[in-house]
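For reference, the structure discussed in these notes is given below.
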Amino acid sequence: MKVLLAEDNYQMLEFMYQCVPWEEHGLEVTARCATGMEAWTSAREDMPDMVITDISMPGMDGLELIEKVRAVNPALESIIITCHDDFEYARKALRLYVGDYILKETLEPGMLLEAVQQLKKKLEEQQADRTHIDALQTFVEYSKKPLKKEWIHSFLQGTEERSDVLSLSFDTTRYVPVAGRFLEVQEEGTESIVEAAGHAMFEEGYGDYVIASPGEMYWFFPYHRGMTAEEVSMQLTKIQRYVQRETGQSLVFVTGEHAGSWEELRTSLEQVAPSGGGWFYITEPGVFTVDQLTLKSGHDDIFMHYTTALYDVKKMITEEDAQAAENWLQSWMNEIRDKAWNPEQVKSWIHKILIDIDLKYQSLQHYSDKPSSVLYSEIHALRHIGELRAYLDAYIKKKMMLAAHLRESSDRREIWEAKKYVETHLDQKITMEGAANHLHLNPSHFSRIFKQETGETFVEYTTKKKMEQAAHDLLYTNHTVDDIALSIGYDNTSYFAKLFRKFSGMPPKQYRKDK
């Protein structure tokens, strides 16, 4: 505990200091001051727990000193040592809750020590009480956490109308709801850092918060003259800086419209909830408004571009063209951002492309190392378009590495190159002679080794791949049968239909209808 001594008489000041074994009793004298102003300056630099002072001192008397220090430290204890035996001084000292009032003419070393010991015991009891109260408050707040999490989900689903676990009152106050989350996926434990920021922000009980998870946070700021939208943004920025300093990670906030009732609050929260699609397009930390979350409408369906996108990805993987992959990624990320398609549609579109790529390359021994369900979970867990781009980049690079490895380790590189030739020329008429020339092989020799290695003729393999492409287009595009036939190199629709029937067991139109 810290003690400050103030007395304008040097001999008396030294007597006060010498007559108590301070360190032996767990006390530290932080300053010995000859004036009230000097003592007040010292107290502001190193706040004492106890002040022992004279009354009459130049500039600022002891009672004024006690009053100023107590305003900063309400738990302050004090002792007056004075030569003034005056009722008015004593009454003022009583009003300031002075612990003891000792006349200098009666002061003995034992008296001061006894008075100091009594105040020290009182301070220790008060500290124990505060510790107990703090522990109770911590327990109450800890107990509220699961209740808050349960409430926010029920409230957003419309099954809860109000809350007894939040410190909100709409009788005289409107509130600005704010949703927040970490920009990147966080491990368990980061919630405690945000909890600390929330507790510091709302310790006076003027608002509240719910930390449902690192990816789902809600804050409720009182909205009035002193807490405008700009002030809310400033407070959120403080939270961001604190969390960035403590975790090295970034928070994103979106502010909603201020609400004056539970119904208005639910409506505003629904607009800013992190599960909303607009969050997908936020890739930088900051404080955003609900207007910046609005998804655009009226654009074409992203699945209209599926066939073209799939063909491009398949081609650049097969050709191991890293620059083409980079250009494709940049172009499509710009397109997705510009059109602001619904994120769930975008993720489903990407998921289907990746699954079809795995299926397309099974014949090249280019198998997927993940089942469809795992790919689906990974893609739909991506928080924003930046993570989507990184995921696709890693996927395509890995596929290119596998393609290069298979090509380099194949006993018959000619067969690999032949299949690659087919995959990248499905839109053209493909002949065995043309493929043999491309590989610089004798057609008869090429035909023999292809059959030997694959168990089917080159023509059979080529027709199968074309029919697989046709089957896909019949199911996932609105193209006519004539257009599909032309797109895979057949200008005779009847001949195409005959081949397709042999492949699938039914005519193209029937296949589209039944499947």
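Each chain of the structure tokens is named A, B, ... in the order shown, its residues numbered from 1; ligands are numbered from 1 in display order.
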
Original post:
If you count only C-alpha atoms, which residues fall within 9 Å of Met400 in chain A, apart from same-chain ones fewer than 4 positions away, as a PyMOL selection string?
Top reply: chain A and resi 316-322+395-396+404-405

Deliver the residues from the most recent selection as a file, using N, CA, C and O atoms, as a tab-separated table (two decimals), in the first residue's frame.
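Output saved as out02.tsv:
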chain	number	residue	atom	x	y	z
A	316	MET	N	-6.39	-25.29	-69.06
A	316	MET	CA	-5.15	-24.74	-68.51
A	316	MET	C	-4.48	-25.73	-67.56
A	316	MET	O	-3.25	-25.75	-67.44
A	317	ILE	N	-5.26	-26.61	-66.90
A	317	ILE	CA	-4.65	-27.65	-66.07
A	317	ILE	C	-3.96	-28.68	-66.95
A	317	ILE	O	-2.82	-29.07	-66.71
A	318	THR	N	-4.68	-29.10	-67.99
A	318	THR	CA	-4.12	-30.10	-68.89
A	318	THR	C	-2.84	-29.60	-69.55
A	318	THR	O	-1.86	-30.34	-69.69
A	319	GLU	N	-2.84	-28.33	-69.94
A	319	GLU	CA	-1.67	-27.75	-70.60
A	319	GLU	C	-0.65	-27.22	-69.61
A	319	GLU	O	0.40	-26.69	-70.01
A	320	GLU	N	-0.97	-27.31	-68.31
A	320	GLU	CA	-0.08	-26.85	-67.25
A	320	GLU	C	0.34	-25.39	-67.48
A	320	GLU	O	1.52	-25.02	-67.34
A	321	ASP	N	-0.64	-24.58	-67.81
A	321	ASP	CA	-0.39	-23.18	-68.17
A	321	ASP	C	-0.65	-22.28	-66.95
A	321	ASP	O	-1.78	-21.85	-66.70
A	322	ALA	N	0.39	-22.01	-66.17
A	322	ALA	CA	0.24	-21.23	-64.93
A	322	ALA	C	-0.21	-19.80	-65.20
A	322	ALA	O	-1.01	-19.24	-64.45
A	395	TYR	N	-5.80	-24.98	-55.38
A	395	TYR	CA	-6.38	-26.18	-56.01
A	395	TYR	C	-5.81	-26.37	-57.42
A	395	TYR	O	-5.36	-27.46	-57.79
A	396	ILE	N	-5.82	-25.30	-58.21
A	396	ILE	CA	-5.36	-25.40	-59.60
A	396	ILE	C	-3.86	-25.71	-59.66
A	396	ILE	O	-3.42	-26.55	-60.45
A	404	ALA	N	1.77	-32.71	-64.07
A	404	ALA	CA	3.17	-32.77	-64.48
A	404	ALA	C	3.83	-34.05	-63.97
A	404	ALA	O	4.61	-34.70	-64.69
A	405	HIS	N	3.49	-34.44	-62.74
A	405	HIS	CA	4.07	-35.66	-62.17
A	405	HIS	C	3.64	-36.88	-62.96
A	405	HIS	O	4.46	-37.75	-63.29

Subject >> Contact residues around His438 in chain A with only C-alpha atoms at 10 Å, ignoring same-chain residues under 4 positions, as a PyMOL selection string >> reply: chain A and resi 417-418+421+432-434

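Atom pair CA of Trp40 in chain A / CA of Met201 in chain A has a distance of 29.5 Å (rounded to one decimal).
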
Original post:
Which polymer residues have any atom within 10 Å of an atom of Met12 in chain A, counting only C-alpha atoms, with same-chain residues fewer than 6 positions away left out, as an MDAnalysis selection string?
Top reply: chainID A and resid 6 18 54 81 104

Subject >> Nearby residues (only C-alpha atoms) at most 9 Å from Pro508 in chain A, same-chain spacing under 3 positions excluded, as a list of chain:residue names >> reply: A:Ala470, A:Ala471, A:Leu474, A:Val481, A:Ala497, A:Phe500, A:Arg501, A:Ser504, A:Tyr511, A:Arg512, A:Lys513

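Closest approach to Ala390 in chain A from the set A:His425, A:Ser42, A:Ser348, A:Glu326 is made by A:Glu326, with distances taken over only C-alpha atoms.
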
Which of range 229-397 of chain A fall in strand (DSSP E), as an mmCIF file with N, CA, C and O atoms, in the first residue's frame:
data_model
loop_
_atom_site.group_PDB
_atom_site.id
_atom_site.type_symbol
_atom_site.label_atom_id
_atom_site.label_comp_id
_atom_site.auth_asym_id
_atom_site.auth_seq_id
_atom_site.Cartn_x
_atom_site.Cartn_y
_atom_site.Cartn_z
ATOM 1 N N LEU A 251 -10.468 -7.224 -37.285
ATOM 2 C CA LEU A 251 -11.918 -7.318 -37.125
ATOM 3 C C LEU A 251 -12.619 -6.490 -38.197
ATOM 4 O O LEU A 251 -12.105 -5.466 -38.638
ATOM 5 N N VAL A 252 -13.800 -6.960 -38.589
ATOM 6 C CA VAL A 252 -14.657 -6.221 -39.510
ATOM 7 C C VAL A 252 -15.972 -5.947 -38.794
ATOM 8 O O VAL A 252 -16.521 -6.829 -38.126
ATOM 9 N N PHE A 253 -16.472 -4.712 -38.914
ATOM 10 C CA PHE A 253 -17.753 -4.340 -38.314
ATOM 11 C C PHE A 253 -18.693 -3.784 -39.369
ATOM 12 O O PHE A 253 -18.252 -3.120 -40.312
ATOM 13 N N VAL A 254 -19.989 -4.058 -39.188
ATOM 14 C CA VAL A 254 -21.022 -3.444 -40.023
ATOM 15 C C VAL A 254 -22.076 -2.866 -39.093
ATOM 16 O O VAL A 254 -22.628 -3.572 -38.244
ATOM 17 N N THR A 255 -22.338 -1.567 -39.242
ATOM 18 C CA THR A 255 -23.311 -0.886 -38.384
ATOM 19 C C THR A 255 -24.685 -0.884 -39.034
ATOM 20 O O THR A 255 -24.810 -0.696 -40.247
ATOM 21 N N GLY A 286 -12.252 -2.927 -41.337
ATOM 22 C CA GLY A 286 -12.843 -1.597 -41.348
ATOM 23 C C GLY A 286 -14.206 -1.594 -40.700
ATOM 24 O O GLY A 286 -14.688 -2.608 -40.173
ATOM 25 N N VAL A 287 -14.842 -0.437 -40.733
ATOM 26 C CA VAL A 287 -16.201 -0.265 -40.229
ATOM 27 C C VAL A 287 -17.073 0.115 -41.414
ATOM 28 O O VAL A 287 -16.852 1.152 -42.048
ATOM 29 N N PHE A 288 -18.062 -0.707 -41.726
ATOM 30 C CA PHE A 288 -18.905 -0.509 -42.890
ATOM 31 C C PHE A 288 -20.347 -0.267 -42.451
ATOM 32 O O PHE A 288 -20.722 -0.553 -41.319
ATOM 33 N N THR A 289 -21.148 0.247 -43.368
ATOM 34 C CA THR A 289 -22.569 0.469 -43.099
ATOM 35 C C THR A 289 -23.376 -0.624 -43.775
ATOM 36 O O THR A 289 -22.899 -1.315 -44.681
#

**OP:** Do a neighbour search on Thr82 in chain A at 9 Å with only C-alpha atoms, toss out local chain neighbours closer than 3 positions, and write the hits as number ranges by chain.
**Re:** A: 53-56, 85, 101-105

For range 221-238 of chain A, work out the shell of residues within 6 Å, counting only C-alpha atoms and skipping chain neighbours fewer than 4 positions away, then give it as a PDB file with C-alpha atoms, in the first residue's frame.
ATOM      1  CA  ARG A 174     -32.387   3.924 -28.998  1.00  0.00           C
ATOM      2  CA  TYR A 175     -29.554   1.551 -29.900  1.00  0.00           C
ATOM      3  CA  VAL A 176     -27.251   1.122 -32.881  1.00  0.00           C
ATOM      4  CA  GLY A 207     -24.840  -0.689 -23.879  1.00  0.00           C
TER       5      GLY A 207
END

Original post:
Which polymer residues have any atom within 9 Å of an atom of Leu112 in chain A, counting only C-alpha atoms, with same-chain residues fewer than 5 positions away left out, as a list of chain:residue names?
Top reply: A:Met16, A:Cys19, A:Val20, A:Ile79, A:Ile102, A:Leu107, A:Gln117

Writer output for current selection, C-alpha atoms, as a PDB file, in the first residue's frame:
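Full text of again29.pdb as output:
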ATOM      1  CA  MET A  16       6.000  11.393  10.991  1.00  0.00           C
ATOM      2  CA  CYS A  19       8.065   7.029  13.953  1.00  0.00           C
ATOM      3  CA  VAL A  20       6.459   4.280  11.812  1.00  0.00           C
ATOM      4  CA  ILE A  79      -5.211  10.957   8.852  1.00  0.00           C
ATOM      5  CA  ILE A 102      -4.785  13.813  15.882  1.00  0.00           C
ATOM      6  CA  LEU A 107       0.931  13.074  19.225  1.00  0.00           C
ATOM      7  CA  GLN A 117      -2.407   0.070  11.438  1.00  0.00           C
TER       8      GLN A 117
END

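Minimum distance to Phe303 in chain A across A:Asp473, A:Val422, A:Tyr218, A:Asn334 (counting only C-alpha atoms) occurs at A:Asp473.
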
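Of the listed residues (A:Asp427, A:Asp358, A:Glu414, A:Glu270), A:Glu270 comes nearest to Val290 in chain A; the distances count only C-alpha atoms.
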